[in-house]
Amino acid sequence: NYTLNLVLRDVSARGYLEGRFRVSLNNTVVLVVDGPTASRGISVPVPYGRYVLTVAPIDAAENVYATPSPMTVGIFSDTNLTVRLSRRVYTLTVAVVNDIEERLGNALVWASDPTVGLELASAYTDDAGMLRLSVPAGVTLIRVTKGGYLEYEETLRVDKDATLAVQLKPTIVTLLGRFVHIIALAVVAVAIVIIALKIRAKLVERLVAPEEVF
């Protein structure tokens, strides 16, 4: 027997392996291994010969990784082999509105990997408050920012095409800005009332003033 030293590599932007994988030689399963172990390397005793090697993601990993094509491998001595795995890429549609359901254009949306802190994609919403991001499968942190609103964060697992509805909460300044015209009208109305009361007081004062005695 010889030793097949096998390493699995995640070649996506995320760069780390997750999930479980089935390793087969000539359609015979030789082991099932988890991502972290496979990325460090595994050793499999294999008799002399030529084999078709298949590595397949299983369980939840099926939605994360594309299955690589089978490889023909000749084991005529101890052999080192690296299999590269690509993550599936999904479309995340984001719709951004404010607290009164107005669509918010020009909001900046980031998608990043919370494990390694790597930005995966970013874009601004259109006039309808919409955008689409292409995101490699996996746990993803979504951040949304726009001037006049509090920052929004949500962590989700991307394993299929999905839509995320985001509602941004306004800052105090934005809330005050909405009612500034009402406040201005109220101030003007109060001023008018005060002036009217002063005029009335003057008129009353003149009407009730005592007649001058000669």
# chains A, B, ... in the order shown; residues from 1 in each chain; ligands from 1

$ residues_around --residues "Ala107 in chain A" --least-positions-apart "3" --cutoff "12 Å" --atoms "only C-alpha atoms" --output "VMD selection string"
chain A and resid 94 to 98 103 to 104 110 122 to 131 143 to 152 166 to 168

$ write_last_selection --atoms "N, CA, C and O atoms" --output "tab-separated table (two decimals), in the first residue's frame"
chain	number	residue	atom	x	y	z
A	94	VAL	N	-31.73	42.90	-2.04
A	94	VAL	CA	-31.96	43.69	-0.83
A	94	VAL	C	-32.91	44.84	-1.16
A	94	VAL	O	-32.71	45.56	-2.15
A	95	ALA	N	-33.95	44.99	-0.36
A	95	ALA	CA	-34.91	46.09	-0.50
A	95	ALA	C	-34.84	46.94	0.76
A	95	ALA	O	-35.02	46.43	1.87
A	96	VAL	N	-34.58	48.24	0.59
A	96	VAL	CA	-34.37	49.13	1.74
A	96	VAL	C	-35.48	50.18	1.79
A	96	VAL	O	-35.72	50.89	0.80
A	97	VAL	N	-36.15	50.28	2.94
A	97	VAL	CA	-37.17	51.31	3.17
A	97	VAL	C	-36.90	51.97	4.51
A	97	VAL	O	-36.08	51.48	5.30
A	98	ASN	N	-37.60	53.06	4.79
A	98	ASN	CA	-37.47	53.68	6.10
A	98	ASN	C	-38.66	53.29	6.97
A	98	ASN	O	-39.45	52.41	6.61
A	103	ARG	N	-39.22	54.09	0.04
A	103	ARG	CA	-38.05	53.40	-0.51
A	103	ARG	C	-36.84	54.32	-0.48
A	103	ARG	O	-36.95	55.50	-0.85
A	104	LEU	N	-35.71	53.77	-0.07
A	104	LEU	CA	-34.51	54.59	0.11
A	104	LEU	C	-33.46	54.27	-0.95
A	104	LEU	O	-32.85	53.19	-0.94
A	110	TRP	N	-23.28	46.52	2.41
A	110	TRP	CA	-22.08	45.68	2.43
A	110	TRP	C	-22.46	44.25	2.77
A	110	TRP	O	-23.31	44.00	3.63
A	122	SER	N	-20.36	44.84	-2.30
A	122	SER	CA	-21.02	46.06	-1.82
A	122	SER	C	-21.61	46.80	-3.01
A	122	SER	O	-21.11	46.69	-4.14
A	123	ALA	N	-22.66	47.57	-2.76
A	123	ALA	CA	-23.31	48.35	-3.83
A	123	ALA	C	-24.30	49.31	-3.20
A	123	ALA	O	-24.65	49.19	-2.02
A	124	TYR	N	-24.76	50.29	-4.01
A	124	TYR	CA	-25.77	51.24	-3.57
A	124	TYR	C	-27.13	50.84	-4.13
A	124	TYR	O	-27.23	50.33	-5.26
A	125	THR	N	-28.17	51.11	-3.36
A	125	THR	CA	-29.52	50.85	-3.85
A	125	THR	C	-29.89	51.85	-4.94
A	125	THR	O	-29.37	52.97	-4.99
A	126	ASP	N	-30.77	51.42	-5.84
A	126	ASP	CA	-31.25	52.31	-6.90
A	126	ASP	C	-32.37	53.21	-6.35
A	126	ASP	O	-32.65	53.21	-5.14
A	127	ASP	N	-33.00	53.97	-7.23
A	127	ASP	CA	-34.04	54.90	-6.79
A	127	ASP	C	-35.23	54.19	-6.15
A	127	ASP	O	-35.98	54.80	-5.39
A	128	ALA	N	-35.39	52.92	-6.49
A	128	ALA	CA	-36.48	52.14	-5.91
A	128	ALA	C	-36.07	51.45	-4.62
A	128	ALA	O	-36.83	50.65	-4.06
A	129	GLY	N	-34.86	51.74	-4.12
A	129	GLY	CA	-34.39	51.14	-2.88
A	129	GLY	C	-33.97	49.68	-3.02
A	129	GLY	O	-33.93	48.96	-2.03
A	130	MET	N	-33.64	49.26	-4.25
A	130	MET	CA	-33.33	47.85	-4.51
A	130	MET	C	-31.89	47.69	-4.99
A	130	MET	O	-31.32	48.59	-5.60
A	131	LEU	N	-31.34	46.50	-4.73
A	131	LEU	CA	-30.07	46.11	-5.34
A	131	LEU	C	-29.95	44.60	-5.29
A	131	LEU	O	-30.66	43.93	-4.55
A	143	ARG	N	-24.57	44.82	6.25
A	143	ARG	CA	-24.61	46.15	6.87
A	143	ARG	C	-25.19	47.14	5.86
A	143	ARG	O	-24.82	47.11	4.69
A	144	VAL	N	-26.10	47.99	6.35
A	144	VAL	CA	-26.72	48.99	5.48
A	144	VAL	C	-26.59	50.36	6.14
A	144	VAL	O	-26.93	50.52	7.32
A	145	THR	N	-26.08	51.35	5.38
A	145	THR	CA	-25.94	52.69	5.92
A	145	THR	C	-26.50	53.72	4.93
A	145	THR	O	-26.46	53.51	3.72
A	146	LYS	N	-27.02	54.80	5.50
A	146	LYS	CA	-27.48	55.94	4.69
A	146	LYS	C	-27.53	57.15	5.60
A	146	LYS	O	-27.95	57.04	6.77
A	147	GLY	N	-27.09	58.30	5.09
A	147	GLY	CA	-27.10	59.52	5.89
A	147	GLY	C	-28.48	59.83	6.43
A	147	GLY	O	-29.48	59.74	5.71
A	148	GLY	N	-28.55	60.17	7.72
A	148	GLY	CA	-29.83	60.49	8.35
A	148	GLY	C	-30.53	59.30	8.97
A	148	GLY	O	-31.62	59.44	9.54
A	149	TYR	N	-29.90	58.10	8.87
A	149	TYR	CA	-30.52	56.89	9.42
A	149	TYR	C	-29.50	56.10	10.24
A	149	TYR	O	-28.28	56.18	10.00
A	150	LEU	N	-30.00	55.33	11.19
A	150	LEU	CA	-29.13	54.47	12.00
A	150	LEU	C	-28.66	53.28	11.17
A	150	LEU	O	-29.39	52.78	10.32
A	151	GLU	N	-27.43	52.83	11.44
A	151	GLU	CA	-26.88	51.70	10.69
A	151	GLU	C	-27.65	50.41	11.02
A	151	GLU	O	-28.06	50.19	12.16
A	152	TYR	N	-27.81	49.59	10.00
A	152	TYR	CA	-28.53	48.31	10.14
A	152	TYR	C	-27.55	47.16	9.95
A	152	TYR	O	-26.70	47.20	9.06
A	166	VAL	N	-35.02	45.35	4.41
A	166	VAL	CA	-34.33	46.14	5.44
A	166	VAL	C	-35.13	47.41	5.71
A	166	VAL	O	-35.50	48.12	4.78
A	167	GLN	N	-35.37	47.69	6.99
A	167	GLN	CA	-36.03	48.93	7.37
A	167	GLN	C	-35.07	49.75	8.22
A	167	GLN	O	-34.64	49.31	9.29
A	168	LEU	N	-34.70	50.93	7.74
A	168	LEU	CA	-33.79	51.80	8.46
A	168	LEU	C	-34.56	52.74	9.38
A	168	LEU	O	-35.59	53.29	9.00

$ select_by_dssp --residues "range 82-207 of chain A" --states "helix (DSSP H, G or I)" --output "ChimeraX atom specification"
/A:172-178,180-207

$ write_last_selection --atoms "N, CA, C and O atoms" --output "compact mmCIF listing (two decimals), in the first residue's frame"
# COMPACT_ATOMS: atom_id res chain seq x y z
N ILE A 172 -32.59 61.28 15.20
CA ILE A 172 -33.43 62.33 15.77
C ILE A 172 -33.47 63.55 14.85
O ILE A 172 -34.52 64.18 14.66
N VAL A 173 -32.33 63.87 14.25
CA VAL A 173 -32.27 65.02 13.34
C VAL A 173 -33.22 64.82 12.16
O VAL A 173 -33.93 65.74 11.74
N THR A 174 -33.24 63.60 11.61
CA THR A 174 -34.14 63.30 10.49
C THR A 174 -35.60 63.42 10.91
O THR A 174 -36.43 63.96 10.17
N LEU A 175 -35.92 62.93 12.11
CA LEU A 175 -37.29 63.03 12.61
C LEU A 175 -37.71 64.48 12.76
O LEU A 175 -38.82 64.87 12.37
N LEU A 176 -36.81 65.30 13.32
CA LEU A 176 -37.14 66.72 13.48
C LEU A 176 -37.32 67.39 12.12
O LEU A 176 -38.18 68.25 11.94
N GLY A 177 -36.49 66.98 11.15
CA GLY A 177 -36.57 67.57 9.82
C GLY A 177 -37.91 67.31 9.16
O GLY A 177 -38.40 68.14 8.37
N ARG A 178 -38.53 66.16 9.47
CA ARG A 178 -39.83 65.86 8.87
C ARG A 178 -40.89 66.84 9.32
O ARG A 178 -41.85 67.12 8.59
N VAL A 180 -40.31 70.03 10.56
CA VAL A 180 -39.85 71.40 10.68
C VAL A 180 -40.87 72.39 10.11
O VAL A 180 -41.08 73.48 10.65
N HIS A 181 -41.54 72.02 9.02
CA HIS A 181 -42.53 72.93 8.44
C HIS A 181 -43.75 73.07 9.35
O HIS A 181 -44.34 74.16 9.46
N ILE A 182 -44.10 71.97 10.02
CA ILE A 182 -45.23 72.03 10.95
C ILE A 182 -44.87 72.91 12.14
O ILE A 182 -45.67 73.73 12.61
N ILE A 183 -43.61 72.72 12.63
CA ILE A 183 -43.15 73.53 13.76
C ILE A 183 -43.13 75.01 13.37
O ILE A 183 -43.54 75.88 14.15
N ALA A 184 -42.64 75.29 12.13
CA ALA A 184 -42.59 76.68 11.67
C ALA A 184 -43.98 77.28 11.61
O ALA A 184 -44.20 78.44 12.03
N LEU A 185 -44.95 76.52 11.08
CA LEU A 185 -46.32 77.03 11.01
C LEU A 185 -46.89 77.27 12.39
O LEU A 185 -47.62 78.26 12.63
N ALA A 186 -46.56 76.36 13.33
CA ALA A 186 -47.05 76.53 14.69
C ALA A 186 -46.48 77.78 15.33
O ALA A 186 -47.19 78.52 16.03
N VAL A 187 -45.18 78.03 15.08
CA VAL A 187 -44.54 79.24 15.62
C VAL A 187 -45.20 80.49 15.06
O VAL A 187 -45.49 81.45 15.79
N VAL A 188 -45.43 80.50 13.75
CA VAL A 188 -46.09 81.64 13.11
C VAL A 188 -47.49 81.85 13.68
O VAL A 188 -47.92 82.98 13.97
N ALA A 189 -48.22 80.73 13.86
CA ALA A 189 -49.58 80.82 14.39
C ALA A 189 -49.58 81.40 15.81
O ALA A 189 -50.41 82.25 16.15
N VAL A 190 -48.62 80.94 16.62
CA VAL A 190 -48.52 81.46 17.99
C VAL A 190 -48.19 82.94 17.97
O VAL A 190 -48.76 83.74 18.75
N ALA A 191 -47.26 83.32 17.08
CA ALA A 191 -46.88 84.74 16.98
C ALA A 191 -48.07 85.58 16.59
O ALA A 191 -48.29 86.69 17.14
N ILE A 192 -48.87 85.10 15.63
CA ILE A 192 -50.06 85.84 15.19
C ILE A 192 -51.05 86.00 16.35
O ILE A 192 -51.63 87.07 16.56
N VAL A 193 -51.22 84.93 17.11
CA VAL A 193 -52.15 84.98 18.25
C VAL A 193 -51.67 85.99 19.28
O VAL A 193 -52.46 86.79 19.82
N ILE A 194 -50.36 85.98 19.56
CA ILE A 194 -49.81 86.91 20.54
C ILE A 194 -50.00 88.36 20.09
O ILE A 194 -50.42 89.23 20.86
N ILE A 195 -49.70 88.61 18.79
CA ILE A 195 -49.88 89.96 18.25
C ILE A 195 -51.34 90.38 18.32
O ILE A 195 -51.68 91.52 18.69
N ALA A 196 -52.24 89.45 17.96
CA ALA A 196 -53.67 89.75 18.00
C ALA A 196 -54.13 90.09 19.41
O ALA A 196 -54.93 91.01 19.63
N LEU A 197 -53.61 89.34 20.38
CA LEU A 197 -53.99 89.58 21.77
C LEU A 197 -53.48 90.95 22.24
O LEU A 197 -54.17 91.67 22.97
N LYS A 198 -52.27 91.32 21.80
CA LYS A 198 -51.72 92.62 22.19
C LYS A 198 -52.54 93.76 21.58
O LYS A 198 -52.82 94.77 22.24
N ILE A 199 -52.92 93.58 20.30
CA ILE A 199 -53.74 94.60 19.63
C ILE A 199 -55.09 94.73 20.34
O ILE A 199 -55.60 95.83 20.59
N ARG A 200 -55.65 93.60 20.67
CA ARG A 200 -56.96 93.61 21.37
C ARG A 200 -56.84 94.32 22.71
O ARG A 200 -57.71 95.10 23.10
N ALA A 201 -55.74 94.03 23.41
CA ALA A 201 -55.56 94.66 24.72
C ALA A 201 -55.45 96.17 24.58
O ALA A 201 -56.01 96.95 25.40
N LYS A 202 -54.75 96.64 23.54
CA LYS A 202 -54.63 98.07 23.30
C LYS A 202 -55.98 98.72 23.00
O LYS A 202 -56.32 99.80 23.49
N LEU A 203 -56.79 98.02 22.18
CA LEU A 203 -58.11 98.54 21.83
C LEU A 203 -59.00 98.63 23.06
O LEU A 203 -59.71 99.63 23.27
N VAL A 204 -58.96 97.59 23.86
CA VAL A 204 -59.78 97.58 25.08
C VAL A 204 -59.34 98.70 26.00
O VAL A 204 -60.16 99.41 26.61
N GLU A 205 -58.01 98.89 26.10
CA GLU A 205 -57.48 99.95 26.96
C GLU A 205 -57.97 101.31 26.53
O GLU A 205 -58.32 102.16 27.34
N ARG A 206 -58.02 101.56 25.23
CA ARG A 206 -58.49 102.84 24.72
C ARG A 206 -59.99 103.04 24.95
O ARG A 206 -60.46 104.15 25.24
N LEU A 207 -60.74 101.94 24.77
CA LEU A 207 -62.19 102.03 24.94
C LEU A 207 -62.60 102.32 26.36
O LEU A 207 -63.60 102.99 26.63

$ closest_residue --among "A:Val116, A:Leu4, A:Val89, A:Ile142" --to "Ile75 in chain A" --atoms "only C-alpha atoms"
A:Leu4

$ residues_around --residues "Leu85 in chain A" --least-positions-apart "4" --cutoff "8 Å" --atoms "only C-alpha atoms" --output "list in words"
Leu8, Arg9, Asp10, Val11, Ser12, Tyr65, Ala66, Thr67 and Pro68 of chain A

$ write_last_selection --atoms "all heavy atoms" --output "CSV table (one decimal), in the first residue's frame"
chain,number,residue,atom,x,y,z
A,8,LEU,N,-8.0,19.3,0.9
A,8,LEU,CA,-9.1,20.0,0.3
A,8,LEU,C,-8.9,21.5,0.5
A,8,LEU,O,-8.7,21.9,1.7
A,8,LEU,CB,-10.5,19.5,0.8
A,8,LEU,CG,-10.7,18.0,0.7
A,8,LEU,CD1,-12.2,17.7,1.1
A,8,LEU,CD2,-10.4,17.5,-0.6
A,9,ARG,N,-9.1,22.3,-0.5
A,9,ARG,CA,-8.9,23.8,-0.4
A,9,ARG,C,-10.2,24.5,-0.9
A,9,ARG,O,-10.7,24.2,-2.0
A,9,ARG,CB,-7.7,24.2,-1.3
A,9,ARG,CG,-6.4,23.9,-0.7
A,9,ARG,CD,-5.9,24.9,0.3
A,9,ARG,NE,-4.6,24.6,0.8
A,9,ARG,CZ,-4.4,23.9,1.9
A,9,ARG,NH1,-5.4,23.6,2.7
A,9,ARG,NH2,-3.1,23.7,2.3
A,10,ASP,N,-10.6,25.5,-0.1
A,10,ASP,CA,-11.7,26.4,-0.5
A,10,ASP,C,-11.0,27.5,-1.3
A,10,ASP,O,-10.2,28.3,-0.8
A,10,ASP,CB,-12.4,26.9,0.7
A,10,ASP,CG,-13.6,27.9,0.4
A,10,ASP,OD1,-13.4,28.6,-0.6
A,10,ASP,OD2,-14.6,27.8,1.1
A,11,VAL,N,-11.4,27.6,-2.6
A,11,VAL,CA,-10.7,28.6,-3.4
A,11,VAL,C,-11.6,29.9,-3.6
A,11,VAL,O,-11.4,30.7,-4.5
A,11,VAL,CB,-10.4,28.0,-4.8
A,11,VAL,CG1,-9.3,27.0,-4.6
A,11,VAL,CG2,-11.6,27.5,-5.5
A,12,SER,N,-12.7,30.0,-2.8
A,12,SER,CA,-13.5,31.2,-2.9
A,12,SER,C,-12.9,32.4,-2.1
A,12,SER,O,-11.8,32.2,-1.5
A,12,SER,CB,-14.9,30.9,-2.3
A,12,SER,OG,-14.8,30.8,-0.9
A,65,TYR,N,-21.0,24.2,-1.7
A,65,TYR,CA,-20.0,23.9,-2.6
A,65,TYR,C,-20.5,23.2,-3.9
A,65,TYR,O,-21.4,22.3,-3.8
A,65,TYR,CB,-18.9,23.0,-2.0
A,65,TYR,CG,-18.1,23.7,-0.9
A,65,TYR,CD1,-18.5,23.5,0.4
A,65,TYR,CD2,-17.0,24.5,-1.2
A,65,TYR,CE1,-17.8,24.2,1.4
A,65,TYR,CE2,-16.3,25.2,-0.2
A,65,TYR,CZ,-16.7,25.0,1.1
A,65,TYR,OH,-16.0,25.7,2.1
A,66,ALA,N,-19.9,23.5,-5.0
A,66,ALA,CA,-20.2,22.8,-6.2
A,66,ALA,C,-19.3,21.5,-6.2
A,66,ALA,O,-18.2,21.5,-5.7
A,66,ALA,CB,-19.8,23.6,-7.4
A,67,THR,N,-19.8,20.4,-6.7
A,67,THR,CA,-19.1,19.2,-6.7
A,67,THR,C,-18.0,19.2,-7.8
A,67,THR,O,-18.3,19.4,-8.9
A,67,THR,CB,-20.0,18.0,-6.9
A,67,THR,OG1,-21.0,17.9,-5.9
A,67,THR,CG2,-19.2,16.6,-6.9
A,68,PRO,N,-16.7,19.0,-7.4
A,68,PRO,CA,-15.7,19.1,-8.4
A,68,PRO,C,-15.7,17.9,-9.3
A,68,PRO,O,-16.3,16.8,-9.0
A,68,PRO,CB,-14.4,19.1,-7.6
A,68,PRO,CG,-14.7,18.5,-6.3
A,68,PRO,CD,-16.2,18.9,-6.0

$ residues_around --residues "Asn26 in chain A" --least-positions-apart "2" --cutoff "6 Å" --atoms "only C-alpha atoms" --output "number ranges by chain"
A: 28, 51-52
